[in-house]
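Let me begin by presenting the structure, written as structure tokens, before commenting on it.
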Amino acid sequence: MLKKPFLTFFFLPAIAFMFTQAVYGQEWYAYSLPSDDIIANYKHLSPKELFDTANYHSKRQSIDTALICYNLVVNTPAKDTDAEHRRRIIDAYNESGLLYIDVSDYRKAYELLIKALDLCEKYQEDQSKTHIYIHRMEVEYILLEEV
């Protein structure tokens with residue numbers, strides 16, 4: 001007589017656990033997005049919104065999403081008259097470089113920082129130059145230590 005209540009109490013939580021995993025697991029799976037869908041979610045944003053979104057994800061250590069948003073900022077065509085957007089592109093290269101430093105991809109970080117410096121020279125943007133030079137020197141030092 002004791003075996004039946006024991007089996008009921010033993011299997012009831014297991015059955016409840018399996019049911020919740022089946023229901024909520026399917027719901028979670030429905031919300032997971034492939035990378036193309038992630039990019040599509042951000043493409044409709046303006047360059048300023050993209051940059052702000054990238055900064056938000058960068059501060060929360062969501063590096064992949066931040067890099068996607070910075071990349072979209074960089075690939076948004078810039079008009080020569082739009083100084084604010086050009087500055088945003090330079091900052092996106094710089095911030096992307098910093099994220100690559102965080103994940104120890106120093107060669108990619110160096111490449112992005114050089115692109116940022118090239119744009120600073122091209123558009124005579126001296127505002128961000130100092131920070132970019134400091135970050136570039138950091139990467140150069142790390143790369144020299146590897147040799």
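A note on labels: chains of the structure tokens are A, B, ... as shown, every chain counts residues from 1, and ligands are counted from 1 in their shown order.
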Distance query Ala92 in chain A at most 12 Å, only C-alpha atoms, self and fewer than 2 positions along chain excluded, as a ChimeraX atom specification: /A:47-48,50-55,58,66-76,85-90,94-99,109,112-113,115-117,119,128,132
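From CA of Asp64 in chain A back to CA of Val147 in chain A, the distance works out to 28.4 Å.
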Residue list (alpha helix (DSSP H), DSSP) for range 54-141 of chain A, as a ChimeraX atom specification: /A:54-59,63-74,83-102,106-123,129-141
Smallest atom-to-atom distance to Pro77 in chain A: which of A:Ile134, A:Asp105, A:Ser46, A:Asp37, using only C-alpha atoms? A:Ser46
